[in-house]
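A.B. asks: Below you'll find query_21.csv; it's CSV, C-alpha atoms.
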```csv
chain,number,residue,atom,x,y,z
I,1,MET,CA,-1.9,-0.4,-29.2
I,2,GLY,CA,-1.3,3.0,-27.6
I,3,LYS,CA,2.3,2.2,-26.7
I,4,ARG,CA,4.9,5.0,-27.0
I,5,ILE,CA,8.4,4.4,-28.3
I,6,LEU,CA,11.4,6.7,-28.4
I,7,ILE,CA,14.2,6.2,-30.9
I,8,VAL,CA,17.7,7.7,-29.9
I,9,ASP,CA,20.3,7.6,-32.7
I,10,ASP,CA,22.6,10.3,-34.1
I,11,LYS,CA,22.1,9.2,-37.7
I,12,ALA,CA,18.9,10.7,-39.2
I,13,GLU,CA,18.4,8.0,-41.8
I,14,ILE,CA,18.3,5.3,-39.1
I,15,ARG,CA,16.0,7.3,-36.9
I,16,ASP,CA,13.6,8.0,-39.8
I,17,ALA,CA,13.6,4.4,-40.9
I,18,VAL,CA,12.9,3.0,-37.5
I,19,VAL,CA,10.2,5.6,-36.7
I,20,GLU,CA,8.4,4.8,-40.0
I,21,PHE,CA,8.5,1.0,-39.4
I,22,MET,CA,7.4,1.3,-35.8
I,23,ARG,CA,4.5,3.6,-36.7
I,24,ARG,CA,3.4,1.0,-39.3
I,25,GLY,CA,3.5,-1.5,-36.5
I,26,GLY,CA,0.9,0.6,-34.6
I,27,PHE,CA,3.2,2.4,-32.1
I,28,GLU,CA,3.3,6.1,-31.3
I,29,THR,CA,7.0,6.9,-32.1
I,30,GLU,CA,9.3,9.9,-31.6
I,31,SER,CA,13.0,10.3,-32.2
I,32,VAL,CA,15.9,12.4,-31.1
I,33,ALA,CA,19.6,12.6,-32.0
I,34,SER,CA,21.3,12.5,-28.6
I,35,VAL,CA,21.1,11.1,-25.1
I,36,GLU,CA,20.8,14.6,-23.7
I,37,GLU,CA,17.8,15.3,-26.0
I,38,SER,CA,16.1,12.1,-25.0
I,39,LEU,CA,16.5,12.8,-21.2
I,40,ALA,CA,15.0,16.2,-21.7
I,41,LEU,CA,12.0,14.8,-23.6
I,42,MET,CA,11.4,12.1,-21.1
I,43,CYS,CA,11.0,14.7,-18.4
I,44,THR,CA,7.7,15.7,-20.1
I,45,VAL,CA,6.6,12.6,-22.1
I,46,ALA,CA,6.3,9.0,-20.8
I,47,PHE,CA,7.6,6.3,-23.1
I,48,ASP,CA,7.1,2.5,-22.8
I,49,ILE,CA,10.3,1.6,-24.7
I,50,VAL,CA,13.5,3.5,-25.5
I,51,ILE,CA,15.5,2.1,-28.5
I,52,THR,CA,18.9,3.6,-28.4
I,53,ASP,CA,22.2,3.3,-30.2
I,54,ILE,CA,25.3,2.7,-28.0
I,55,GLN,CA,27.8,5.1,-29.5
I,56,PHE,CA,27.3,8.9,-30.0
I,57,PRO,CA,29.8,11.4,-31.3
I,58,ALA,CA,29.7,13.5,-28.1
I,59,GLY,CA,28.2,13.5,-24.7
I,60,LEU,CA,26.6,10.5,-23.0
I,61,GLY,CA,26.4,7.1,-24.6
I,62,GLY,CA,23.6,4.6,-24.9
I,63,LEU,CA,24.6,2.5,-21.9
I,64,ASP,CA,24.7,5.7,-19.8
I,65,LEU,CA,21.1,6.4,-21.0
I,66,THR,CA,20.1,2.8,-20.2
I,67,GLN,CA,21.2,3.2,-16.6
I,68,ILE,CA,19.5,6.6,-16.2
I,69,VAL,CA,16.2,5.3,-17.7
I,70,LYS,CA,16.1,2.2,-15.5
I,71,ARG,CA,16.8,4.4,-12.4
I,72,ASP,CA,14.5,7.3,-13.1
I,73,HIS,CA,11.8,6.1,-15.5
I,74,ARG,CA,9.5,3.2,-16.0
I,75,ALA,CA,10.5,2.5,-19.6
I,76,ASP,CA,12.2,-0.6,-21.0
I,77,VAL,CA,15.4,-0.1,-23.1
I,78,ILE,CA,16.5,-1.9,-26.2
I,79,VAL,CA,20.1,-1.2,-27.1
I,80,MET,CA,21.3,-1.4,-30.7
I,81,THR,CA,24.8,-1.2,-32.1
I,82,GLY,CA,26.9,-1.8,-35.2
I,83,TYR,CA,29.9,-2.6,-33.0
I,84,SER,CA,28.9,-6.0,-31.9
I,85,LEU,CA,32.6,-7.0,-31.2
I,86,ASP,CA,33.0,-4.1,-28.8
I,87,TYR,CA,29.8,-4.5,-26.8
I,88,SER,CA,28.1,-7.6,-25.5
I,89,TYR,CA,24.5,-8.6,-24.7
I,90,GLU,CA,25.6,-9.3,-21.1
I,91,GLU,CA,27.1,-5.8,-20.7
I,92,ALA,CA,23.9,-4.2,-22.0
I,93,VAL,CA,21.7,-6.3,-19.7
I,94,SER,CA,23.9,-5.6,-16.7
I,95,ARG,CA,23.3,-1.8,-17.3
I,96,GLY,CA,19.5,-2.4,-17.3
I,97,ALA,CA,18.7,-3.1,-21.0
I,98,SER,CA,15.8,-5.4,-21.8
I,99,ASP,CA,17.2,-6.5,-25.1
I,100,PHE,CA,20.2,-6.0,-27.5
I,101,VAL,CA,20.2,-5.9,-31.3
I,102,THR,CA,22.9,-5.4,-33.8
I,103,LYS,CA,23.1,-3.3,-36.9
I,104,PRO,CA,22.3,-3.5,-39.8
I,105,LEU,CA,18.8,-3.7,-38.4
I,106,ARG,CA,16.3,-6.3,-39.6
I,107,PHE,CA,13.1,-4.3,-38.9
I,108,GLU,CA,10.8,-7.3,-38.6
I,109,GLU,CA,13.1,-8.8,-35.9
I,110,LEU,CA,13.2,-5.4,-34.1
I,111,LEU,CA,9.4,-5.3,-34.1
I,112,LEU,CA,9.2,-8.8,-32.7
I,113,ARG,CA,11.7,-7.9,-30.0
I,114,VAL,CA,9.7,-4.7,-29.1
I,115,ARG,CA,6.5,-6.8,-28.8
I,116,ARG,CA,8.2,-9.4,-26.7
I,117,VAL,CA,9.6,-6.8,-24.3
I,118,LEU,CA,6.1,-5.2,-24.0
I,119,ARG,CA,4.5,-8.6,-23.3
I,120,GLU,CA,7.1,-9.4,-20.6
I,121,ARG,CA,6.5,-5.9,-19.1
I,122,GLU,CA,2.7,-6.5,-19.0
I,123,LEU,CA,3.2,-9.9,-17.3
I,124,THR,CA,5.6,-8.3,-14.8
I,125,GLU,CA,3.1,-5.6,-14.0
I,126,GLU,CA,0.2,-8.1,-13.6
I,127,ARG,CA,2.4,-10.2,-11.3
I,128,ASN,CA,3.2,-7.2,-9.2
I,129,ARG,CA,-0.5,-6.2,-9.0
I,130,MET,CA,-1.3,-9.7,-7.9
I,131,MET,CA,1.5,-9.7,-5.2
I,132,GLU,CA,0.2,-6.3,-3.9
I,133,LYS,CA,-3.3,-7.7,-3.7
I,134,LEU,CA,-2.1,-10.8,-1.9
I,135,GLN,CA,-0.1,-8.8,0.6
I,136,THR,CA,-3.2,-6.6,1.2
I,137,LEU,CA,-5.4,-9.7,1.8
I,138,ALA,CA,-2.8,-11.1,4.2
I,139,VAL,CA,-3.2,-8.2,6.6
I,140,THR,CA,-6.9,-7.4,6.0
I,141,ASP,CA,-10.0,-8.7,7.7
I,142,GLY,CA,-12.3,-9.9,4.9
I,143,LEU,CA,-15.6,-8.7,6.4
I,144,THR,CA,-14.8,-5.3,7.9
I,145,LEU,CA,-11.8,-4.4,5.6
I,146,LEU,CA,-9.9,-3.3,8.7
I,147,PHE,CA,-6.5,-4.6,9.3
I,148,ASN,CA,-6.4,-8.0,11.1
I,149,SER,CA,-4.9,-9.0,14.4
I,150,ARG,CA,-1.8,-10.4,12.8
I,151,HIS,CA,-1.0,-7.0,11.3
I,152,PHE,CA,-2.0,-5.3,14.6
I,153,TYR,CA,0.9,-6.9,16.5
I,154,SER,CA,3.3,-6.2,13.7
I,155,GLN,CA,2.3,-2.5,13.6
I,156,LEU,CA,2.2,-2.2,17.3
I,157,ASP,CA,5.8,-3.4,17.5
I,158,LEU,CA,6.8,-0.6,15.1
I,159,GLU,CA,4.9,2.0,17.0
I,160,VAL,CA,6.3,1.0,20.3
I,161,ASP,CA,9.8,1.2,18.9
I,162,ARG,CA,9.0,4.8,17.6
I,163,SER,CA,7.6,5.8,20.9
I,164,VAL,CA,10.7,4.7,22.7
I,165,ARG,CA,13.1,6.2,20.2
I,166,TYR,CA,11.5,9.6,19.9
I,167,LYS,CA,10.0,9.7,23.5
I,168,HIS,CA,6.5,10.3,22.1
I,169,PRO,CA,3.3,9.0,23.9
I,170,LEU,CA,1.5,6.0,22.5
I,171,SER,CA,-2.0,4.9,23.4
I,172,LEU,CA,-4.2,1.9,22.7
I,173,LEU,CA,-7.9,1.3,22.6
I,174,LEU,CA,-9.5,-2.1,23.0
I,175,ILE,CA,-13.2,-2.1,22.1
I,176,ASP,CA,-15.9,-4.7,22.5
I,177,ILE,CA,-19.5,-4.5,21.2
I,178,ASP,CA,-21.8,-5.0,24.1
I,179,HIS,CA,-24.2,-8.0,24.1
I,180,PHE,CA,-23.2,-8.9,20.6
I,181,LYS,CA,-23.8,-12.7,21.1
I,182,GLU,CA,-27.3,-12.0,22.2
I,183,PHE,CA,-27.9,-9.8,19.1
I,184,ASN,CA,-26.7,-12.6,16.9
I,185,ASP,CA,-28.9,-15.1,18.7
I,186,VAL,CA,-32.0,-13.0,18.2
I,187,PHE,CA,-31.4,-11.6,14.8
I,188,GLY,CA,-28.9,-13.9,13.2
I,189,HIS,CA,-25.3,-13.7,12.1
I,190,LEU,CA,-26.0,-11.9,8.8
I,191,GLU,CA,-27.5,-9.0,10.8
I,192,GLY,CA,-24.6,-9.2,13.2
I,193,ASP,CA,-22.2,-8.9,10.3
I,194,LYS,CA,-24.0,-5.7,9.2
I,195,VAL,CA,-23.3,-4.3,12.7
I,196,LEU,CA,-19.6,-5.2,12.5
I,197,VAL,CA,-19.3,-3.6,9.0
I,198,ARG,CA,-21.1,-0.4,10.0
I,199,PHE,CA,-19.1,-0.1,13.2
I,200,SER,CA,-15.9,-0.5,11.3
I,201,GLN,CA,-16.9,2.4,9.1
I,202,ILE,CA,-17.8,4.5,12.1
I,203,LEU,CA,-14.4,3.6,13.7
I,204,LYS,CA,-12.4,4.7,10.6
I,205,SER,CA,-14.4,7.9,10.4
I,206,CYS,CA,-13.5,8.9,13.9
I,207,LEU,CA,-9.7,8.4,13.5
I,208,ARG,CA,-6.9,10.7,12.3
I,209,THR,CA,-4.6,9.8,9.4
I,210,ASN,CA,-1.9,8.4,11.6
I,211,ASP,CA,-4.2,6.3,13.7
I,212,SER,CA,-5.0,2.7,12.7
I,213,ALA,CA,-7.9,0.4,13.4
I,214,TYR,CA,-8.0,-3.4,13.6
I,215,ARG,CA,-10.5,-6.2,14.0
I,216,TYR,CA,-8.9,-8.0,17.0
I,217,GLY,CA,-11.3,-11.0,16.8
I,218,GLY,CA,-15.0,-11.6,16.8
I,219,GLU,CA,-16.7,-8.4,18.1
I,220,GLU,CA,-13.5,-7.0,19.5
I,221,PHE,CA,-11.5,-4.2,17.9
I,222,THR,CA,-8.4,-2.3,18.7
I,223,VAL,CA,-7.0,1.1,17.7
I,224,ILE,CA,-3.4,2.3,17.8
I,225,LEU,CA,-3.0,6.0,18.5
I,226,PRO,CA,0.5,7.2,17.9
I,227,GLU,CA,1.8,10.4,19.6
I,228,THR,CA,-1.3,10.4,21.8
I,229,GLY,CA,-1.5,10.5,25.6
I,230,ALA,CA,-4.2,8.7,27.6
I,231,GLU,CA,-6.5,11.7,28.1
I,232,GLU,CA,-6.5,12.6,24.4
I,233,ALA,CA,-7.1,8.9,23.7
I,234,ARG,CA,-10.1,9.0,26.1
I,235,THR,CA,-11.5,11.8,24.0
I,236,VAL,CA,-11.1,9.7,20.8
I,237,ALA,CA,-12.7,6.8,22.5
I,238,GLN,CA,-15.7,8.9,23.7
I,239,ARG,CA,-16.2,10.1,20.1
I,240,ILE,CA,-16.3,6.5,18.8
I,241,ARG,CA,-18.6,5.4,21.6
I,242,SER,CA,-21.1,8.2,21.2
I,243,THR,CA,-21.2,7.9,17.4
I,244,LEU,CA,-22.1,4.3,17.5
I,245,GLU,CA,-24.7,4.9,20.3
I,246,ALA,CA,-26.4,7.3,18.0
I,247,GLU,CA,-26.6,4.8,15.1
I,248,VAL,CA,-29.8,3.0,14.6
I,249,PHE,CA,-29.9,-0.6,13.1
I,250,HIS,CA,-33.0,-2.1,11.5
I,251,PRO,CA,-32.9,-5.9,11.6
I,252,PRO,CA,-35.9,-7.7,10.2
I,253,SER,CA,-38.3,-7.1,13.2
I,254,ASP,CA,-40.8,-4.5,14.2
I,255,ARG,CA,-38.3,-2.5,16.3
I,256,SER,CA,-35.1,-0.5,15.7
I,257,VAL,CA,-32.0,-1.4,17.7
I,258,SER,CA,-29.1,0.6,19.0
I,259,LYS,CA,-25.7,-0.9,19.9
I,260,THR,CA,-23.2,0.2,22.4
I,261,ILE,CA,-19.5,-0.5,23.1
I,262,SER,CA,-17.2,-0.9,26.0
I,263,ILE,CA,-13.8,0.7,25.5
I,264,GLY,CA,-10.5,0.3,27.4
I,265,VAL,CA,-7.8,3.0,27.1
I,266,THR,CA,-4.2,2.8,28.2
I,267,GLU,CA,-0.9,4.6,27.5
I,268,TYR,CA,2.4,2.8,26.8
I,269,SER,CA,4.9,2.8,29.7
I,270,PRO,CA,8.5,2.8,28.5
I,271,MET,CA,10.3,-0.6,28.8
I,272,GLU,CA,7.2,-2.6,29.3
I,273,SER,CA,6.5,-5.6,27.0
I,274,ILE,CA,3.9,-5.4,24.2
I,275,ALA,CA,2.0,-8.2,25.9
I,276,THR,CA,1.7,-6.2,29.2
I,277,PHE,CA,0.6,-3.1,27.2
I,278,VAL,CA,-2.2,-5.0,25.4
I,279,ARG,CA,-3.2,-6.9,28.5
I,280,ARG,CA,-3.7,-3.6,30.4
I,281,ALA,CA,-5.9,-2.2,27.6
I,282,ASP,CA,-7.9,-5.5,27.9
I,283,GLN,CA,-8.3,-5.0,31.6
I,284,ALA,CA,-9.5,-1.4,31.1
I,285,MET,CA,-12.1,-2.7,28.7
I,286,TYR,CA,-13.4,-5.2,31.3
I,287,VAL,CA,-13.6,-2.3,33.8
I,288,SER,CA,-16.0,-0.7,31.4
I,289,LYS,CA,-18.1,-3.9,31.2
I,290,GLN,CA,-18.1,-4.4,35.0
I,291,ASN,CA,-19.3,-0.8,35.5
I,292,GLY,CA,-22.3,-1.2,33.3
I,293,ARG,CA,-21.0,-1.1,29.7
I,294,ASN,CA,-21.4,1.7,27.1
I,295,ARG,CA,-18.5,3.5,28.7
I,296,VAL,CA,-14.8,4.4,28.4
I,297,SER,CA,-12.3,3.3,31.1
I,298,VAL,CA,-8.7,4.5,31.3
I,299,LEU,CA,-6.2,2.3,33.1
I,300,ALA,CA,-2.7,3.7,33.7
I,301,PRO,CA,0.4,1.6,34.4
I,302,PRO,CA,0.2,0.2,38.0
I,303,ALA,CA,2.6,2.6,39.5
I,304,GLU,CA,0.7,5.7,38.3
I,305,GLN,CA,-3.0,5.6,39.2
I,306,ALA,CA,-6.2,3.6,39.6
I,307,PRO,CA,-8.6,3.2,36.6
I,308,SER,CA,-11.1,5.9,35.8
I,309,SER,CA,-14.4,5.2,34.0
I,310,THR,CA,-16.7,7.6,32.2
I,311,MET,CA,-19.8,7.4,30.0
```
Let me see the structure of the file written as C-alpha cells.
C.D. replies:
Amino acid sequence: MGKRILIVDDKAEIRDAVVEFMRRGGFETESVASVEESLALMCTVAFDIVITDIQFPAGLGGLDLTQIVKRDHRADVIVMTGYSLDYSYEEAVSRGASDFVTKPLRFEELLLRVRRVLRERELTEERNRMMEKLQTLAVTDGLTLLFNSRHFYSQLDLEVDRSVRYKHPLSLLLIDIDHFKEFNDVFGHLEGDKVLVRFSQILKSCLRTNDSAYRYGGEEFTVILPETGAEEARTVAQRIRSTLEAEVFHPPSDRSVSKTISIGVTEYSPMESIATFVRRADQAMYVSKQNGRNRVSVLAPPAEQAPSSTM
C-alpha cells in the first residue's frame, strides 16, 4: 500500500506488537518511545498516520502531540489509551485526532480503523483536488487558458487597492486583434481559434511574473501591469504588438497570413473608479484603430495630456 505509520508509546512490548501487526497489514511502520522522539523523526520522515498513547512518564503527552501534528504535518492521528475513564473521544477529536481506541488493543479493530482513516483521507484529498479544479475553471477561459473577464475585474479591484495603498503606479492594456471577424469569415472559426490560442501564448511570453493577462471577450484581451507607469507599459505593449506581427499563420489556403493588434494603454489615476480606468484603456485602443491599426496608443487621464499613438 506504500502508507507509512508511526507508533508512539513508552512501552516497548506495545510498540513491537503494533509494529508487527501493521507490517503484516502491508504498512511501512516505525516506532519511538516518546513524543519528543516522534517530533524529531517527523522532521525528516513523512508519515500518513501517527498512532500515539495519551500518557507518557515525562515530557509532552499524546494530546500535545496530536495538536502539533495537525498544525505542522499532514498526518492523521489515532489516539490510544488504557485510561478510558480519564479521557474521552470528544476530547481527543477536539485536539485534532481522527480516531480514538482503548487498550487493551484488539489489533484487528485497530487495523480496520487505520484503513478507515486512510480511506477518509483519500476522499478528502480527492474532494480538495476537485474543488481546486473547479475554482480554476471558474476563473479561466476554456479556449485560451488565460484568466476570464470575471476574474479580471476581481483582480483589478485588488491591484487598484494596492496601488492606492502603497502609491505605486498601475497600468492597463486593452488589446483587440485587427480585422478578426473578416479572418473568421474567410478561413472559418476553427482557424480563428488557432489565432486566439497562439496570441494568448505570445501574450504570456511577453509578460513578467507579476503581470496578468485576460481574455476580455471575443478577440479582445486585457493585461494588468502592477507597479508600472504608462511609458513602461507602452514598451510592454510594443513588445506584444511586434511579436504577433512577426508570427505567420498558415490557414488552409495557398497563402500565409499575418495578424496585427491595436493596443490601448493607460495609467491609473488615484481616486478614479475602476469603470473610468477601464473605459479610458478602451478609448485608447480605439485611437489605435482610428489611426490605422497595428499600433499602440497611450491615453492619460483628461487633466494630464492628449493621447499619443505609435507603431
A.B. asks: Go through region 198-257 of chain I and flag each residue having an atom no more than 12 Å from region 284-288 of chain I; for those, report the closest pair of atoms plus their distance in Å to one decimal, using only C-alpha atoms, ordered by chain and rising number, as CSV.
C.D. replies:
```
residue,atom,partner,partner_atom,distance
I:Glu220,CA,I:Met285,CA,10.3
I:Phe221,CA,I:Met285,CA,10.9
I:Thr222,CA,I:Met285,CA,10.7
I:Ala230,CA,I:Ala284,CA,11.9
I:Arg234,CA,I:Ala284,CA,11.6
I:Ala237,CA,I:Met285,CA,11.4
I:Arg241,CA,I:Ser288,CA,11.8
```
A.B. asks: For region 144-152 of chain I, work out the shell of residues within 7 Å, counting only C-alpha atoms and skipping chain neighbours fewer than 2 positions away, then give it as JSON, numbers by chain.
C.D. replies: {"I": [139, 140, 141, 142, 154, 155, 156, 196, 197, 200, 213, 214, 215, 216]}
A.B. asks: Could you state the separation of CA of Ile54 (chain I) and CA of Asp72 (chain I) in Å, given to one decimal place?
C.D. replies: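 Spanning CA of Ile54 (chain I) to CA of Asp72 (chain I) is a straight-line distance of 19.0 Å.
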A.B. asks: Tell me, in Å to one decimal, how far CA of Asp76 (chain I) is from CA of Asp99 (chain I).
C.D. replies: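 Atom-to-atom, CA of Asp76 (chain I) to CA of Asp99 (chain I), that is 8.8 Å.
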A.B. asks: Using all atoms listed in the file, find the one residue out of I:Val114, I:Val8, I:Val278, I:Val32 that sits nearest to Gly62 (chain I).
C.D. replies: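 Smallest distance to Gly62 (chain I) is found for I:Val8.
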A.B. asks: For Leu60 (chain I), which of I:Leu111, I:Val265, I:Ala75, I:Val35 is the closest residue, counting only C-alpha atoms?
C.D. replies: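 Nearest to Leu60 (chain I): I:Val35.
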A.B. asks: What does the structure give for the distance between CA of Thr52 (chain I) and CA of Ile7 (chain I), in Å to one decimal?
C.D. replies: 5.9 Å
A.B. asks: For Phe107 (chain I), which residue out of I:Phe249, I:Ile202, I:Ile240, I:Met22 is the nearest one, using all atoms listed in the file?
C.D. replies: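 Nearest to Phe107 (chain I): I:Met22.
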A.B. asks: Using all atoms listed in the file, which residues sit within 10 Å of Lys289 (chain I) once same-chain residues fewer than 2 positions away are excluded, as JSON, numbers by chain?
C.D. replies: {"I": [176, 178, 261, 262, 263, 264, 283, 284, 285, 286, 287, 291, 292, 293, 294, 295, 296, 297]}
A.B. asks: I want to know what sits within 10 Å of Lys259 (chain I), based on all atoms listed in the file, with residues of the same chain fewer than 2 positions away left out; could you give that as a list in words?
C.D. replies: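 Counting only the stated atoms, we get Ile177, Asp178, His179, Phe180, Phe183, Val195, Phe199, Arg241, Leu244, Glu245, Ala246, Glu247, Val248, Phe249, Val257, Ile261 and Asn294 of chain I.
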A.B. asks: Select all residues near (12.4, 13.1, -33.7) (cut-off 10 Å, inclusive, file coordinates), counting only C-alpha atoms, and output them as a list of chain:residue names.
C.D. replies: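 The requested residues, written out, are I:Leu6, I:Ile7, I:Val8, I:Asp9, I:Ala12, I:Arg15, I:Asp16, I:Val19, I:Thr29, I:Glu30, I:Ser31, I:Val32, I:Ala33, I:Glu37, I:Ser38.
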A.B. asks: So, with all atoms listed in the file as the atoms that count, which of I:Met131, I:Ile78, I:Leu158, I:Val298 lies closest to Leu110 (chain I)?
C.D. replies: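 Comparing I:Met131, I:Ile78, I:Leu158, I:Val298 against Leu110 (chain I), the winner is I:Ile78.
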A.B. asks: For Gly26 (chain I), which residue among I:Tyr89, I:Ile5, I:Asn128, I:Val101 is the nearest when counting all atoms listed in the file?
C.D. replies: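 Closest candidate: I:Ile5.
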A.B. asks: Here is a test: counting all atoms listed in the file, which residue of I:Pro270, I:Ala58, I:Lys204, I:Phe187 is nearest to His168 (chain I)?
C.D. replies: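 Closest candidate: I:Pro270.
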